[in-house]
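Visitor: What follows is the file start02.tsv, containing TSV, C-alpha atoms:
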chain	number	residue	atom	x	y	z
R	1	MET	CA	174.33	128.26	120.53
R	2	LYS	CA	173.51	130.18	117.39
R	3	ASN	CA	174.21	127.05	115.33
R	4	LEU	CA	172.03	125.02	117.69
R	5	LEU	CA	169.13	127.44	117.22
R	6	ILE	CA	169.54	127.30	113.43
R	7	LEU	CA	169.60	123.48	113.54
R	8	LEU	CA	166.52	123.47	115.80
R	9	GLY	CA	164.69	125.78	113.35
R	10	ILE	CA	165.53	123.51	110.41
R	11	LEU	CA	164.37	120.40	112.27
R	12	THR	CA	161.11	122.08	113.34
R	13	THR	CA	160.40	123.20	109.76
R	14	SER	CA	161.10	119.69	108.49
R	15	ILE	CA	158.83	118.05	111.05
R	16	VAL	CA	155.99	120.51	110.39
R	17	GLY	CA	156.42	119.99	106.64
R	18	PHE	CA	155.91	116.27	107.06
R	19	ALA	CA	152.99	116.54	109.54
R	20	ASP	CA	149.40	115.96	108.30
R	21	ASN	CA	148.22	119.43	109.38
R	22	GLY	CA	145.16	117.89	111.11
R	23	MET	CA	143.84	116.35	107.88
R	24	VAL	CA	141.74	113.18	108.23
R	25	GLU	CA	140.48	110.75	105.64
R	26	GLU	CA	137.50	108.43	105.57
R	27	LYS	CA	135.73	106.43	102.89
R	28	LEU	CA	132.12	107.09	101.83
R	29	GLU	CA	130.36	103.78	101.33
R	30	ILE	CA	127.67	103.53	98.66
R	31	THR	CA	125.14	100.69	98.87
R	32	ALA	CA	121.98	99.70	97.06
R	33	ARG	CA	119.50	96.86	97.02
R	34	ILE	CA	117.72	96.04	93.79
R	35	VAL	CA	114.05	95.16	94.29
R	36	GLN	CA	111.33	94.19	91.91
R	37	PRO	CA	108.90	96.92	90.83
R	38	LEU	CA	105.71	97.22	92.84
R	39	ASP	CA	102.44	96.08	91.34
R	40	LEU	CA	99.15	97.45	92.59
R	41	GLN	CA	95.79	95.91	91.76
R	42	VAL	CA	92.57	97.55	92.91
R	43	GLU	CA	89.07	96.10	92.75
R	44	PRO	CA	86.07	98.41	93.39
R	45	VAL	CA	83.77	98.54	96.42
R	46	ARG	CA	80.26	97.53	95.28
R	47	PHE	CA	77.22	98.58	97.31
R	48	GLY	CA	74.62	97.52	94.75
R	49	ASP	CA	71.12	98.96	95.18
R	50	VAL	CA	70.75	101.36	98.11
R	51	VAL	CA	67.32	102.64	99.17
R	52	ILE	CA	66.73	106.38	99.60
R	53	GLY	CA	67.42	107.35	103.20
R	54	GLU	CA	69.20	104.08	104.05
R	55	GLN	CA	71.78	104.50	106.81
R	56	ASN	CA	74.88	102.33	107.20
R	57	ALA	CA	74.45	100.23	104.06
R	58	THR	CA	77.27	97.69	103.76
R	59	PRO	CA	78.92	96.57	100.52
R	60	ILE	CA	77.68	93.53	98.69
R	61	ARG	CA	81.32	93.15	97.63
R	62	ASP	CA	84.33	94.64	99.43
R	63	GLY	CA	86.94	96.41	97.40
R	64	ILE	CA	90.39	94.83	97.42
R	65	ILE	CA	93.77	96.54	97.27
R	66	THR	CA	96.49	94.00	96.42
R	67	ILE	CA	100.13	95.01	96.68
R	68	VAL	CA	102.82	92.81	95.13
R	69	GLY	CA	106.49	93.58	95.68
R	70	GLU	CA	109.78	92.38	97.07
R	71	PRO	CA	109.39	89.73	99.81
R	72	SER	CA	110.40	90.90	103.29
R	73	SER	CA	109.96	94.56	102.33
R	74	ASN	CA	107.81	97.35	103.70
R	75	VAL	CA	105.70	99.71	101.65
R	76	LYS	CA	103.77	102.86	102.47
R	77	VAL	CA	100.22	103.40	101.31
R	78	GLU	CA	98.89	106.89	100.62
R	79	MET	CA	95.29	107.64	99.71
R	80	ARG	CA	93.65	110.81	98.48
R	81	TYR	CA	90.12	111.80	97.62
R	82	LYS	CA	90.31	114.93	95.49
R	83	GLU	CA	92.62	117.19	97.56
R	84	LYS	CA	91.94	115.42	100.86
R	85	THR	CA	94.34	112.86	102.36
R	86	ILE	CA	92.53	109.72	103.49
R	87	ASP	CA	93.92	108.05	106.60
R	88	ILE	CA	93.94	104.29	105.98
R	89	THR	CA	93.88	103.70	109.75
R	90	SER	CA	90.84	105.85	110.48
R	91	ASN	CA	87.20	104.86	110.20
R	92	GLY	CA	86.01	108.46	110.56
R	93	GLU	CA	86.72	109.66	107.03
R	94	GLU	CA	83.81	110.70	104.81
R	95	ILE	CA	83.89	110.46	101.03
R	96	ALA	CA	81.21	112.15	98.93
R	97	ILE	CA	79.92	109.80	96.23
R	98	LEU	CA	78.33	111.86	93.46
R	99	ASN	CA	75.51	111.21	91.05
R	100	GLU	CA	77.03	110.39	87.65
R	101	THR	CA	74.58	112.49	85.62
R	102	ASN	CA	73.87	115.28	88.11
R	103	PRO	CA	76.89	116.18	90.27
R	104	GLU	CA	74.80	118.90	91.98
R	105	ALA	CA	72.47	116.27	93.48
R	106	PRO	CA	72.94	115.48	97.20
R	107	ALA	CA	75.88	113.10	97.59
R	108	LEU	CA	75.95	109.70	99.20
R	109	ILE	CA	78.45	109.53	102.06
R	110	TYR	CA	80.92	106.64	102.11
R	111	LYS	CA	82.79	105.94	105.36
R	112	PRO	CA	85.59	103.55	104.40
R	113	GLU	CA	87.10	100.94	106.67
R	114	PHE	CA	90.31	99.15	105.70
R	115	VAL	CA	91.13	95.68	107.03
R	116	TYR	CA	93.68	93.04	106.11
R	117	GLU	CA	91.96	90.55	103.83
R	118	GLU	CA	93.23	87.37	105.49
R	119	THR	CA	92.79	88.28	109.15
R	120	LYS	CA	90.02	90.91	108.87
R	121	THR	CA	91.94	92.99	111.45
R	122	PRO	CA	91.92	96.76	110.94
R	123	VAL	CA	94.89	98.33	109.20
R	124	SER	CA	96.75	100.15	111.99
R	125	SER	CA	99.48	101.89	109.99
R	126	ASN	CA	100.10	103.17	106.48
R	127	LYS	CA	103.30	101.11	106.58
R	128	ILE	CA	102.47	97.64	105.24
R	129	SER	CA	104.75	94.62	105.50
R	130	LEU	CA	105.17	92.23	102.55
R	131	PRO	CA	106.61	89.12	104.28
R	132	ASP	CA	105.94	86.85	101.30
R	133	GLY	CA	105.84	89.64	98.72
R	134	THR	CA	102.10	90.35	98.79
R	135	ALA	CA	99.51	92.01	101.00
R	136	SER	CA	95.79	92.44	100.43
R	137	ILE	CA	93.60	95.03	102.09
R	138	ASN	CA	89.82	94.97	101.99
R	139	ALA	CA	88.02	98.28	101.53
R	140	ARG	CA	84.63	98.00	103.15
R	141	GLY	CA	82.70	100.43	105.33
R	142	ASN	CA	79.28	102.04	105.32
R	143	LEU	CA	77.26	104.14	102.93
R	144	ILE	CA	74.67	106.72	103.93
R	145	ALA	CA	71.99	107.73	101.44
R	146	PRO	CA	70.34	111.11	102.15
R	147	GLU	CA	66.57	111.51	102.33
R	148	ASN	CA	66.49	113.50	99.07
R	149	PRO	CA	69.01	112.04	96.59
R	150	THR	CA	68.49	111.91	92.86
R	151	VAL	CA	67.67	108.39	91.73
R	152	GLY	CA	70.47	106.98	89.57
R	153	ASP	CA	74.03	105.76	89.57
R	154	TYR	CA	76.60	107.24	91.96
R	155	SER	CA	80.36	106.83	91.92
R	156	GLY	CA	83.55	108.18	93.41
R	157	GLU	CA	87.25	107.38	93.39
R	158	ILE	CA	90.04	107.30	95.93
R	159	ASP	CA	93.58	107.59	94.55
R	160	VAL	CA	95.87	104.90	95.98
R	161	LYS	CA	99.66	105.28	95.84
R	162	VAL	CA	102.12	102.67	97.12
R	163	TYR	CA	105.90	102.97	97.36
R	164	TYR	CA	108.79	101.22	99.11
R	165	ASP	CA	109.54	102.52	102.58
Starting from the coordinates I provided, produce the structure as structure tokens.
Guide:
Amino acid sequence: MKNLLILLGILTTSIVGFADNGMVEEKLEITARIVQPLDLQVEPVRFGDVVIGEQNATPIRDGIITIVGEPSSNVKVEMRYKEKTIDITSNGEEIAILNETNPEAPALIYKPEFVYEETKTPVSSNKISLPDGTASINARGNLIAPENPTVGDYSGEIDVKVYYD
């Protein structure tokens, strides 16, 4: 019996020594897709001459945001005016357009509207699809001139950033 217990102890130690102790293995897969760099071309919104006090002036030429990238990809568009994020899907944003020689003068108020150039449908998401590798967005909207602006040239800028989603 004593010999049987010794033999059983040796066998148990041998089996435990060869067991995996609960260890598991798996492989970490690494993948990548190479895409062409994005190209962004922006043409300005032109309102032309606006009369003092004019409400809801429309552009004589819409601005155009053209995105060129990898076909069948999606990109995200982010816009900022100074420290303020501009929602490309909203028509309620207000951008102050300042007098170029007197920034203290009352500002013009630009209310941008963004639509797809081909269909003229409003942009409904900041995620833009590039089925054939390009997408163009028109920047139009309305401009409000206050009753007491300084006569002269006014301008403003919206920063546009595009990246793959």
Visitor: Please provide the set of residues having any atom within 12 Å of Ser129 of chain R, restricted to only C-alpha atoms, with same-chain residues fewer than 5 positions apart removed, written as number ranges by chain.
Guide: R: 67-77, 116, 123-124, 134-137, 162-165
Visitor: For the atom pair atom CA of Val115 of chain R and atom CA of Ala96 of chain R, what is the interatomic distance in Å to one decimal place?
Guide: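 Those two atoms sit 20.9 Å apart.
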Visitor: Mind giving me the straight-line distance from atom CA of Pro131 of chain R to atom CA of Pro112 of chain R in Å, one decimal?
Guide: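 Spanning atom CA of Pro131 of chain R to atom CA of Pro112 of chain R is a straight-line distance of 25.5 Å.
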Visitor: List the neighbours of segment 151-158 of chain R out to 9 Å using all atoms listed in the file; skip same-chain residues closer than 6 positions along the sequence, and give me the result as number ranges by chain.
Guide: R: 52, 79-82, 86, 95-101, 107-108
Visitor: Report, in Å to a single decimal, how far apart atom CA of Ile65 of chain R and atom CA of Ala139 of chain R are.
Guide: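 Atom CA of Ile65 of chain R lies 7.4 Å from atom CA of Ala139 of chain R.
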Visitor: Go through R:Glu29, R:Glu78, R:Glu147, R:Glu113 one by one, measure the shortest atom-to-atom distance of each to Val45 of chain R using all atoms listed in the file, and give the residue with the smallest value.
Guide: R:Glu113
Visitor: Nearest to Arg46 of chain R among R:Pro122, R:Asn142, R:Thr31, R:Glu25, with distances taken over all atoms listed in the file: which residue is it?
Guide: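 When distances to Arg46 of chain R are compared using all atoms listed in the file, the smallest one comes from R:Asn142.
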Visitor: Quick one: axis-aligned box around all listed atoms of segment 66-82 of chain R, 3 Å on every side, centre and edge lengths in Å to one decimal, written as lines of an AutoDock Vina configuration file.
Guide:
center_x = 100.3
center_y = 102.3
center_z = 99.4
size_x = 26.3
size_y = 31.2
size_z = 14.6
Visitor: Given all atoms listed in the file as the basis, pick out the residue of R:Gln55, R:Asn91, R:Asn21, R:Ser125 nearest to Lys111 of chain R.
Guide: R:Asn91
Visitor: Nearest to Asn126 of chain R: which of R:Asn148, R:Gly141, R:Val160, R:Gly92 is it, counting all atoms listed in the file?
Guide: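 Result for the nearest residue to Asn126 of chain R: R:Val160.
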Visitor: From the set R:Asp132, R:Glu54, R:Asp39, R:Asp62, which residue has the shortest atom-to-atom contact distance to Ile109 of chain R, counting all atoms listed in the file?
Guide: R:Glu54
Visitor: Closest to Tyr110 of chain R among R:Thr66, R:Asn56, R:Thr150, R:Ser90, using all atoms listed in the file?
Guide: R:Asn56
